[in-house]
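Asks: See coords02.pdb below, with PDB, C-alpha atoms.
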ATOM      1  CA  MET A   1      85.740  89.965 -88.056  1.00  0.00           C
ATOM      2  CA  THR A   2      83.889  86.985 -89.400  1.00  0.00           C
ATOM      3  CA  GLY A   3      85.018  83.892 -91.261  1.00  0.00           C
ATOM      4  CA  THR A   4      86.194  80.354 -90.708  1.00  0.00           C
ATOM      5  CA  PRO A   5      88.149  80.094 -87.461  1.00  0.00           C
ATOM      6  CA  ARG A   6      91.736  79.098 -87.883  1.00  0.00           C
ATOM      7  CA  PRO A   7      93.010  76.077 -85.921  1.00  0.00           C
ATOM      8  CA  PRO A   8      95.710  76.651 -83.352  1.00  0.00           C
ATOM      9  CA  SER A   9      99.248  76.636 -84.651  1.00  0.00           C
ATOM     10  CA  PHE A  10     100.263  73.535 -82.705  1.00  0.00           C
ATOM     11  CA  LEU A  11      97.677  71.448 -84.586  1.00  0.00           C
ATOM     12  CA  ALA A  12      99.245  72.379 -87.887  1.00  0.00           C
ATOM     13  CA  SER A  13     102.394  70.442 -87.040  1.00  0.00           C
ATOM     14  CA  LEU A  14     100.459  67.152 -86.696  1.00  0.00           C
ATOM     15  CA  SER A  15     100.863  64.748 -89.538  1.00  0.00           C
ATOM     16  CA  PRO A  16      97.858  63.232 -91.291  1.00  0.00           C
ATOM     17  CA  GLY A  17      98.466  59.960 -89.425  1.00  0.00           C
ATOM     18  CA  ASP A  18      97.873  61.775 -86.176  1.00  0.00           C
ATOM     19  CA  ALA A  19      94.251  62.627 -87.083  1.00  0.00           C
ATOM     20  CA  ALA A  20      92.999  60.596 -84.134  1.00  0.00           C
ATOM     21  CA  LEU A  21      94.681  63.110 -81.832  1.00  0.00           C
ATOM     22  CA  ARG A  22      92.782  65.988 -83.326  1.00  0.00           C
ATOM     23  CA  PRO A  23      89.739  67.063 -81.257  1.00  0.00           C
ATOM     24  CA  ALA A  24      86.354  66.690 -82.866  1.00  0.00           C
ATOM     25  CA  PRO A  25      84.994  69.963 -84.148  1.00  0.00           C
ATOM     26  CA  PHE A  26      82.502  71.619 -81.814  1.00  0.00           C
ATOM     27  CA  ALA A  27      79.018  71.335 -83.157  1.00  0.00           C
ATOM     28  CA  ALA A  28      77.241  74.462 -82.080  1.00  0.00           C
ATOM     29  CA  SER A  29      73.543  74.407 -81.950  1.00  0.00           C
ATOM     30  CA  ALA A  30      71.933  76.191 -84.771  1.00  0.00           C
ATOM     31  CA  PRO A  31      70.100  79.364 -83.858  1.00  0.00           C
ATOM     32  CA  GLY A  32      66.451  78.574 -83.036  1.00  0.00           C
ATOM     33  CA  ALA A  33      67.070  74.761 -82.447  1.00  0.00           C
ATOM     34  CA  ALA A  34      64.881  73.158 -79.750  1.00  0.00           C
ATOM     35  CA  ARG A  35      66.649  72.560 -76.519  1.00  0.00           C
ATOM     36  CA  PRO A  36      66.353  69.089 -74.906  1.00  0.00           C
ATOM     37  CA  ARG A  37      63.617  68.879 -72.314  1.00  0.00           C
ATOM     38  CA  PRO A  38      64.775  68.405 -68.725  1.00  0.00           C
ATOM     39  CA  LEU A  39      63.951  65.096 -67.038  1.00  0.00           C
ATOM     40  CA  PRO A  40      60.948  65.207 -64.719  1.00  0.00           C
ATOM     41  CA  ALA A  41      61.773  65.336 -61.046  1.00  0.00           C
ATOM     42  CA  ILE A  42      61.261  62.045 -59.147  1.00  0.00           C
ATOM     43  CA  SER A  43      58.789  62.431 -56.336  1.00  0.00           C
ATOM     44  CA  ARG A  44      59.545  60.509 -53.151  1.00  0.00           C
ATOM     45  CA  ASP A  45      56.032  60.898 -51.692  1.00  0.00           C
ATOM     46  CA  PRO A  46      53.601  57.944 -52.193  1.00  0.00           C
ATOM     47  CA  PRO A  47      50.537  58.599 -54.318  1.00  0.00           C
ATOM     48  CA  PRO A  48      47.427  59.525 -52.355  1.00  0.00           C
ATOM     49  CA  PRO A  49      45.122  56.549 -51.579  1.00  0.00           C
ATOM     50  CA  THR A  50      42.096  56.086 -53.770  1.00  0.00           C
ATOM     51  CA  ARG A  51      38.678  55.841 -52.096  1.00  0.00           C
ATOM     52  CA  PRO A  52      36.557  52.779 -53.016  1.00  0.00           C
ATOM     53  CA  THR A  53      33.470  53.378 -55.077  1.00  0.00           C
ATOM     54  CA  PRO A  54      29.955  52.688 -53.698  1.00  0.00           C
ATOM     55  CA  GLU A  55      29.754  49.622 -55.921  1.00  0.00           C
ATOM     56  CA  GLU A  56      32.982  48.248 -54.453  1.00  0.00           C
ATOM     57  CA  LEU A  57      31.738  48.908 -50.905  1.00  0.00           C
ATOM     58  CA  ALA A  58      28.446  47.120 -51.628  1.00  0.00           C
ATOM     59  CA  ALA A  59      30.289  44.129 -53.112  1.00  0.00           C
ATOM     60  CA  ALA A  60      32.576  43.928 -50.058  1.00  0.00           C
ATOM     61  CA  ARG A  61      29.598  44.026 -47.673  1.00  0.00           C
ATOM     62  CA  THR A  62      27.817  41.306 -49.644  1.00  0.00           C
ATOM     63  CA  GLU A  63      30.898  39.086 -49.585  1.00  0.00           C
ATOM     64  CA  ALA A  64      31.333  39.623 -45.833  1.00  0.00           C
ATOM     65  CA  MET A  65      27.682  38.738 -45.153  1.00  0.00           C
ATOM     66  CA  GLN A  66      28.005  35.579 -47.228  1.00  0.00           C
ATOM     67  CA  LYS A  67      31.067  34.514 -45.247  1.00  0.00           C
ATOM     68  CA  VAL A  68      29.269  35.138 -41.949  1.00  0.00           C
ATOM     69  CA  ALA A  69      26.213  33.167 -43.107  1.00  0.00           C
ATOM     70  CA  HIS A  70      28.436  30.267 -44.183  1.00  0.00           C
ATOM     71  CA  ALA A  71      30.226  30.241 -40.815  1.00  0.00           C
ATOM     72  CA  VAL A  72      26.893  30.252 -38.954  1.00  0.00           C
ATOM     73  CA  GLU A  73      25.618  27.335 -41.049  1.00  0.00           C
ATOM     74  CA  VAL A  74      28.797  25.331 -40.394  1.00  0.00           C
ATOM     75  CA  LEU A  75      28.457  25.919 -36.652  1.00  0.00           C
ATOM     76  CA  ARG A  76      24.790  24.888 -36.747  1.00  0.00           C
ATOM     77  CA  LEU A  77      25.563  21.634 -38.545  1.00  0.00           C
ATOM     78  CA  GLN A  78      28.385  20.860 -36.129  1.00  0.00           C
ATOM     79  CA  ALA A  79      26.081  21.500 -33.163  1.00  0.00           C
ATOM     80  CA  GLU A  80      23.447  19.174 -34.625  1.00  0.00           C
ATOM     81  CA  ARG A  81      26.013  16.441 -35.197  1.00  0.00           C
ATOM     82  CA  LEU A  82      27.351  16.808 -31.672  1.00  0.00           C
ATOM     83  CA  ALA A  83      23.834  16.725 -30.212  1.00  0.00           C
ATOM     84  CA  GLU A  84      22.954  13.657 -32.273  1.00  0.00           C
ATOM     85  CA  GLN A  85      26.148  11.893 -31.225  1.00  0.00           C
ATOM     86  CA  ALA A  86      25.561  12.768 -27.571  1.00  0.00           C
ATOM     87  CA  ARG A  87      22.008  11.451 -27.797  1.00  0.00           C
ATOM     88  CA  ALA A  88      23.171   8.209 -29.422  1.00  0.00           C
ATOM     89  CA  ASP A  89      25.897   7.775 -26.787  1.00  0.00           C
ATOM     90  CA  ALA A  90      23.401   8.363 -23.980  1.00  0.00           C
ATOM     91  CA  LEU A  91      21.007   5.768 -25.394  1.00  0.00           C
ATOM     92  CA  GLU A  92      23.799   3.259 -25.864  1.00  0.00           C
ATOM     93  CA  ILE A  93      25.056   3.726 -22.308  1.00  0.00           C
ATOM     94  CA  GLY A  94      21.524   3.547 -20.953  1.00  0.00           C
ATOM     95  CA  PHE A  95      20.780   0.267 -22.677  1.00  0.00           C
ATOM     96  CA  ARG A  96      24.083  -1.225 -21.596  1.00  0.00           C
ATOM     97  CA  VAL A  97      23.261  -0.349 -18.007  1.00  0.00           C
ATOM     98  CA  ALA A  98      19.759  -1.785 -18.437  1.00  0.00           C
ATOM     99  CA  ARG A  99      21.193  -5.020 -19.759  1.00  0.00           C
ATOM    100  CA  ARG A 100      23.598  -5.292 -16.800  1.00  0.00           C
ATOM    101  CA  VAL A 101      20.749  -4.699 -14.354  1.00  0.00           C
ATOM    102  CA  LEU A 102      18.561  -7.279 -16.112  1.00  0.00           C
ATOM    103  CA  GLU A 103      21.335  -9.861 -16.135  1.00  0.00           C
ATOM    104  CA  ALA A 104      21.873  -9.263 -12.422  1.00  0.00           C
ATOM    105  CA  GLU A 105      18.129  -9.726 -11.793  1.00  0.00           C
ATOM    106  CA  LEU A 106      18.103 -12.957 -13.782  1.00  0.00           C
ATOM    107  CA  SER A 107      20.972 -14.376 -11.750  1.00  0.00           C
ATOM    108  CA  THR A 108      19.390 -13.601  -8.380  1.00  0.00           C
ATOM    109  CA  SER A 109      15.637 -14.067  -8.832  1.00  0.00           C
ATOM    110  CA  PRO A 110      13.388 -16.205 -11.102  1.00  0.00           C
ATOM    111  CA  ASP A 111      10.790 -13.435 -11.285  1.00  0.00           C
ATOM    112  CA  ALA A 112      12.695 -11.610 -14.029  1.00  0.00           C
ATOM    113  CA  LEU A 113      12.882 -14.820 -16.086  1.00  0.00           C
ATOM    114  CA  PHE A 114       9.167 -15.464 -15.680  1.00  0.00           C
ATOM    115  CA  ALA A 115       8.408 -11.890 -16.766  1.00  0.00           C
ATOM    116  CA  LEU A 116      10.519 -12.232 -19.916  1.00  0.00           C
ATOM    117  CA  VAL A 117       8.959 -15.564 -20.900  1.00  0.00           C
ATOM    118  CA  ARG A 118       5.409 -14.332 -20.212  1.00  0.00           C
ATOM    119  CA  SER A 119       5.957 -11.257 -22.381  1.00  0.00           C
ATOM    120  CA  ALA A 120       7.028 -13.539 -25.248  1.00  0.00           C
ATOM    121  CA  LEU A 121       4.080 -15.913 -24.726  1.00  0.00           C
ATOM    122  CA  LYS A 122       1.627 -12.998 -24.972  1.00  0.00           C
ATOM    123  CA  ARG A 123       2.464 -12.833 -28.675  1.00  0.00           C
ATOM    124  CA  THR A 124       1.493 -16.443 -29.377  1.00  0.00           C
ATOM    125  CA  GLY A 125      -2.147 -15.587 -30.088  1.00  0.00           C
ATOM    126  CA  GLU A 126      -4.521 -18.558 -30.347  1.00  0.00           C
ATOM    127  CA  SER A 127      -1.815 -21.170 -30.786  1.00  0.00           C
ATOM    128  CA  ARG A 128      -2.660 -24.458 -29.072  1.00  0.00           C
ATOM    129  CA  THR A 129       0.873 -25.870 -29.033  1.00  0.00           C
ATOM    130  CA  ILE A 130       3.768 -23.844 -27.703  1.00  0.00           C
ATOM    131  CA  SER A 131       7.428 -24.811 -27.382  1.00  0.00           C
ATOM    132  CA  VAL A 132       9.626 -22.549 -25.277  1.00  0.00           C
ATOM    133  CA  ARG A 133      13.330 -22.927 -25.974  1.00  0.00           C
ATOM    134  CA  VAL A 134      15.556 -21.536 -23.200  1.00  0.00           C
ATOM    135  CA  SER A 135      19.022 -22.120 -21.777  1.00  0.00           C
ATOM    136  CA  PRO A 136      19.469 -25.331 -19.752  1.00  0.00           C
ATOM    137  CA  GLN A 137      19.742 -23.279 -16.546  1.00  0.00           C
ATOM    138  CA  ASP A 138      16.472 -21.453 -17.269  1.00  0.00           C
ATOM    139  CA  ALA A 139      14.769 -24.713 -18.271  1.00  0.00           C
ATOM    140  CA  ARG A 140      15.358 -26.090 -14.791  1.00  0.00           C
ATOM    141  CA  THR A 141      13.820 -22.939 -13.319  1.00  0.00           C
ATOM    142  CA  LEU A 142      10.778 -22.912 -15.616  1.00  0.00           C
ATOM    143  CA  ALA A 143       9.898 -26.630 -15.510  1.00  0.00           C
ATOM    144  CA  PRO A 144       8.204 -26.537 -12.064  1.00  0.00           C
ATOM    145  CA  ALA A 145       6.047 -23.571 -13.150  1.00  0.00           C
ATOM    146  CA  LEU A 146       4.406 -25.301 -16.094  1.00  0.00           C
ATOM    147  CA  GLY A 147       1.641 -26.905 -14.021  1.00  0.00           C
ATOM    148  CA  ASN A 148       0.688 -23.950 -11.795  1.00  0.00           C
ATOM    149  CA  GLY A 149       0.014 -21.332 -14.522  1.00  0.00           C
ATOM    150  CA  ALA A 150       2.952 -19.130 -13.573  1.00  0.00           C
ATOM    151  CA  LEU A 151       3.719 -18.584 -17.263  1.00  0.00           C
ATOM    152  CA  GLY A 152       0.294 -17.088 -17.898  1.00  0.00           C
ATOM    153  CA  VAL A 153      -0.802 -19.621 -20.554  1.00  0.00           C
ATOM    154  CA  ALA A 154      -3.638 -21.919 -19.482  1.00  0.00           C
ATOM    155  CA  SER A 155      -5.361 -22.802 -22.757  1.00  0.00           C
ATOM    156  CA  ALA A 156      -2.326 -24.114 -24.610  1.00  0.00           C
ATOM    157  CA  SER A 157       0.085 -26.974 -24.229  1.00  0.00           C
ATOM    158  CA  VAL A 158       3.449 -25.518 -23.262  1.00  0.00           C
ATOM    159  CA  VAL A 159       6.694 -27.468 -23.483  1.00  0.00           C
ATOM    160  CA  VAL A 160      10.038 -26.144 -22.207  1.00  0.00           C
ATOM    161  CA  VAL A 161      12.997 -27.282 -24.331  1.00  0.00           C
ATOM    162  CA  PRO A 162      16.607 -26.766 -23.119  1.00  0.00           C
ATOM    163  CA  ASP A 163      18.800 -25.141 -25.767  1.00  0.00           C
ATOM    164  CA  ALA A 164      22.526 -24.770 -25.010  1.00  0.00           C
ATOM    165  CA  SER A 165      22.922 -22.133 -27.751  1.00  0.00           C
ATOM    166  CA  LEU A 166      20.813 -19.657 -25.760  1.00  0.00           C
ATOM    167  CA  ALA A 167      22.077 -17.406 -22.966  1.00  0.00           C
ATOM    168  CA  PRO A 168      20.277 -17.005 -19.626  1.00  0.00           C
ATOM    169  CA  GLY A 169      17.210 -14.823 -20.153  1.00  0.00           C
ATOM    170  CA  ASP A 170      16.898 -15.717 -23.851  1.00  0.00           C
ATOM    171  CA  CYS A 171      13.904 -17.580 -25.182  1.00  0.00           C
ATOM    172  CA  LEU A 172      12.672 -18.704 -28.578  1.00  0.00           C
ATOM    173  CA  VAL A 173       8.969 -19.515 -28.742  1.00  0.00           C
ATOM    174  CA  GLU A 174       7.686 -21.866 -31.444  1.00  0.00           C
ATOM    175  CA  THR A 175       3.933 -21.857 -32.106  1.00  0.00           C
ATOM    176  CA  ASP A 176       1.443 -23.165 -34.651  1.00  0.00           C
ATOM    177  CA  PHE A 177       1.765 -19.874 -36.523  1.00  0.00           C
ATOM    178  CA  GLY A 178       5.503 -19.286 -36.442  1.00  0.00           C
ATOM    179  CA  LYS A 179       8.399 -18.362 -34.172  1.00  0.00           C
ATOM    180  CA  ILE A 180       8.819 -15.520 -31.701  1.00  0.00           C
ATOM    181  CA  ASP A 181      12.322 -14.213 -31.008  1.00  0.00           C
ATOM    182  CA  GLY A 182      12.482 -13.394 -27.299  1.00  0.00           C
ATOM    183  CA  ARG A 183      16.244 -13.152 -26.931  1.00  0.00           C
ATOM    184  CA  LEU A 184      17.614 -10.285 -24.873  1.00  0.00           C
ATOM    185  CA  ASP A 185      19.631  -8.836 -27.739  1.00  0.00           C
ATOM    186  CA  THR A 186      16.554  -8.751 -29.964  1.00  0.00           C
ATOM    187  CA  ARG A 187      14.370  -7.137 -27.323  1.00  0.00           C
ATOM    188  CA  LEU A 188      16.939  -4.511 -26.422  1.00  0.00           C
ATOM    189  CA  SER A 189      17.523  -3.716 -30.109  1.00  0.00           C
ATOM    190  CA  GLU A 190      13.789  -3.177 -30.616  1.00  0.00           C
ATOM    191  CA  LEU A 191      13.648  -0.899 -27.582  1.00  0.00           C
ATOM    192  CA  HIS A 192      16.738   0.957 -28.801  1.00  0.00           C
ATOM    193  CA  ARG A 193      15.167   1.631 -32.203  1.00  0.00           C
ATOM    194  CA  ALA A 194      11.920   2.748 -30.588  1.00  0.00           C
ATOM    195  CA  ALA A 195      13.784   5.134 -28.291  1.00  0.00           C
ATOM    196  CA  GLU A 196      15.769   6.588 -31.207  1.00  0.00           C
ATOM    197  CA  SER A 197      12.587   7.124 -33.248  1.00  0.00           C
ATOM    198  CA  ALA A 198      10.901   8.822 -30.309  1.00  0.00           C
ATOM    199  CA  ALA A 199      13.916  11.089 -29.791  1.00  0.00           C
ATOM    200  CA  GLU A 200      14.042  12.064 -33.480  1.00  0.00           C
ATOM    201  CA  GLU A 201      10.306  12.823 -33.517  1.00  0.00           C
ATOM    202  CA  GLY A 202      10.708  14.944 -30.401  1.00  0.00           C
ATOM    203  CA  ILE A 203      13.467  17.000 -32.048  1.00  0.00           C
ATOM    204  CA  ALA A 204      11.509  17.360 -35.304  1.00  0.00           C
TER     205      ALA A 204
END
Could you spell out this file's structure in structure tokens?
Replies:
Amino acid sequence: MTGTPRPPSFLASLSPGDAALRPAPFAASAPGAARPRPLPAISRDPPPPTRPTPEELAAARTEAMQKVAHAVEVLRLQAERLAEQARADALEIGFRVARRVLEAELSTSPDALFALVRSALKRTGESRTISVRVSPQDARTLAPALGNGALGVASASVVVVPDASLAPGDCLVETDFGKIDGRLDTRLSELHRAAESAAEEGIA
């Protein structure tokens, strides 16, 4: 038997104000209506790893080679700086030792003083008048040698002048053509520069 279904008898006794207590009518799906699609199942397995492309592999190799080349260049520069610093330190120590030895020779024997003064006088050229300024201590040592040619200058008039501003072993030579700086600091600085230039040329 077909027709509109009748509500249960107990619902008929409800007053209109009790409509909220009435159950909502059941909405049946119409014949042929699409059913809701089920939710996709959640997979707990991680996705398979993707393999890099040849282009990505080539880019990674290029970047790695660039990093290696940069590291090698940094190491080379550091090695050069260390070698240069070691060379400079060795020269500095060597010249300090040489100065100590020379100062010791000057304090014990006049031969070292004569050698230093003669080397400065060799640069006077054809000057006829020569003034040798030395420390007062060295002036007393050199004065007796002026008449016997121990300074190696026979054709010029040589005068020894005491100068308290000079240290033992220093000498300033004044000639007709100019001045010659024969101080120990100046000589050692010239030798130091010459040694550095020779070392740099040897490395190049």
Asks: Rounded to one decimal, what separation in Å do you get between CA of Arg87 (chain A) and CA of Ala195 (chain A)?
Replies: 10.4 Å
Asks: Of the candidates A:Ile93, A:Ala120, A:Leu106, A:Leu142, which shows the shortest atom-to-atom distance to Ile180 (chain A), using all atoms listed in the file?
Replies: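 Closest to Ile180 (chain A) of all the choices is A:Ala120.
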Asks: Residue by residue, what does the PyMOL selection byres ((chain A and resi 128) around 6) grab here? Present the result as an NGL selection string.
Replies: :A and (127 or 129 or 156)
Asks: In Å, rounded to a single decimal, give me how far CA of Gln137 (chain A) is from CA of Phe95 (chain A).
Replies: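 Straight-line distance from CA of Phe95 (chain A) to CA of Gln137 (chain A) works out to 24.4 Å.
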Asks: Do a neighbour search on region 165-168 of chain A at 10 Å with all atoms listed in the file, toss out local chain neighbours closer than 3 positions, and write the hits as a list in words.
Replies: Glu103, Leu106, Ser107, Leu113, Arg133, Val134, Ser135, Pro136, Gln137, Asp138, Ala139, Pro162, Cys171, Leu172, Arg183 and Leu184 of chain A
Asks: Would you compute the distance between CA of Arg96 (chain A) and CA of Asp170 (chain A)? Give it in Å to one decimal.
Replies: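 Atom-to-atom, CA of Arg96 (chain A) and CA of Asp170 (chain A) are spaced 16.3 Å apart.
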